[in-house]
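S.K.: Sharing a structure, written as structure tokens. Questions coming.
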Amino acid sequence: MQGNFTLQHYRLNPEVIEARLTAFERNAELFTDDNLAARAVVLDAVQQVYQLLQLNRSDARWGAHLRTLKQQANALETRLREADAGFFQTLRHVIRSGEHNAASLRRLFDGHTRYRPGRLGQIHRGYDALDALVQGLIRAEQVPEPVQALDRDMVHYEPTPARAVLDLVDQVQLTADDVFYDLGAGLGHVAMLVHLMTGAAARGVEIDAAYSRHAQGCAEELGLPDVQFLNCDARDPDYADGTVFFYVHPVYRKRIGSRARDPSQRGPQSAHYGVHSRCLYLRRRPAAMAAVASSRSRAGTCASRL
């Protein structure tokens with residue numbers, strides 16, 4: 001789908017813009033439910049059209065076209081967003097009604113990402129269409145402003161790329177017998193994705209009340225009673241029931257380790273996801289997690305099976 005208006009902005013004329021918008025309008029495939037990735041490209045192109053119109057608002061050659069092109073772009077954007085809304089409404093209904101299964105959801109997710117299972121050390125830099133899918137699913141556009149001011153030792157919220165969660169699920173291999181904790185859960189997409197793909201009970205720990213309320217409301221809307229969010233400092237809960245932990249700040253490792261179950265009770269696995277390296281690494285010795293976390297990055301994200 002060619003939606004790039006960024007090349008040679010100043011040489012594009014109104015007729016070219018109109019022709020491209022018209023081509024998008026006539027592309028019926030673009031508006032099918034599952035063509036989310038293509039719509040994201042065109043929505044980006046529409047935003048660039050708005051920028052071009054603003055840039056050329058004083059150019060006499062564009063004067064007669066500004067209003068009609070803006071109306072055309074607005075109408076196209078509305079159709080695209082309505083198609084997205086219909087897709088997300090259907091997806092929420094399928095999840096809420098229990099019609100989904102982990103395999104069908106995984107096929108959907110795999111179709112919207114460049115991540116491919118079985119290739120260790122993949123770089124998860126930036127975001128892709130899967131993140132747009134997940135953000136729409138959890139209604140990220142409705143997120144309120146955070147209410148919790150960060151102390152010096154707190155970590156700012158940076159959403160984990162959704163494909164890194166697929167990587168996590170593939171490497172750690174959670175089951176319905178696990179209890180997964182996401183520390184610093186933000187809007188909750190990691191906990192919800194892990195539960196949907198593995199059946200593991202999931203707990204998200206988030207200090208910001210606005211984020212926590214939003215995440216809990218989304219889990220309830222999707223009918224996920226085994227996904228719960230705790231509004232508290234990540235160092236405070238009792239993690240005795242936890243088997244897998246996913247977190248940003250390695251200082252939490254010591255707090256968790258003193259409260260979690262004996263590692264000998266479960267098959268030990270651990271993983272480290274570096275915010276800077278953007279890779280997820282599987283480790284077999286949980287005792288090595290503290291060293292891995294501190295040596296990789298103080299801003300790394302870790303997953304540890306206990």
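Convention: chains lettered A, B, ... in structure tokens order; per-chain residue numbering from 1; ligands numbered from 1 as shown.
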Residues within 7 Å of A:Arg203, please, as an MDAnalysis selection string. Count only C-alpha atoms; anything in the same chain fewer than 6 positions from it doesn't count.
M.R.: chainID A and resid 180:182 191 227:229
S.K.: Enumerate as a list in words all residues of stretch 14-199 of chain A assigned to strand (DSSP E or B) by DSSP on the backbone, naming them with the chain letters and numbers the document uses.
M.R.: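 Restricting stretch 14-199 of chain A to strand (DSSP E or B) produces Val179, Phe180, Tyr181, Asp182 and Leu183 of chain A.
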S.K.: Fewer than 4 positions away in the same chain doesn't count, so skip those; otherwise give me all residues within 9 Å of A:Val190, counting only C-alpha atoms, as a list in words.
M.R.: Pro159, Thr160, Ala162, Val165, Asp182, Ala185, Gly186, Val194, His195, Gly204 and Phe246 of chain A
S.K.: Given only C-alpha atoms as the basis, pick out the residue of A:Ala40, A:Ala202, A:Val49, A:Ala102 nearest to A:Leu224.
M.R.: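 The shortest atom-to-atom distance to A:Leu224 comes from A:Ala202.
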S.K.: Using only C-alpha atoms, which residues sit within 12 Å of stretch 108-114 of chain A once same-chain residues fewer than 4 positions away are excluded, as a PyMOL selection string?
M.R.: chain A and resi 33-40+91+100-104+119+122-134+137+161-167+193+196-197
S.K.: For atom CA of A:Glu145 and atom CA of A:Cys218, quote the distance in Å rounded to one decimal.
M.R.: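 Distance between the two atoms: 16.4 Å.
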S.K.: Which residue gives the smallest distance to A:Arg106 among A:Asp170, A:Arg26, A:Cys232, A:Asp241, with only C-alpha atoms counted?
M.R.: A:Asp170
S.K.: Can you pull out every residue from stretch 93-152 of chain A that DSSP, working from the backbone, puts in alpha helix (DSSP H), and format the result as a ChimeraX atom specification?
M.R.: /A:93-97,102-110,129-137
S.K.: Give me, as an NGL selection string, all polymer residues having an atom no more than 8 Å from A:Leu69, counting only C-alpha atoms and skipping those fewer than 2 positions away in the same chain.
M.R.: :A and (14 or 17-18 or 65-67 or 71-73)
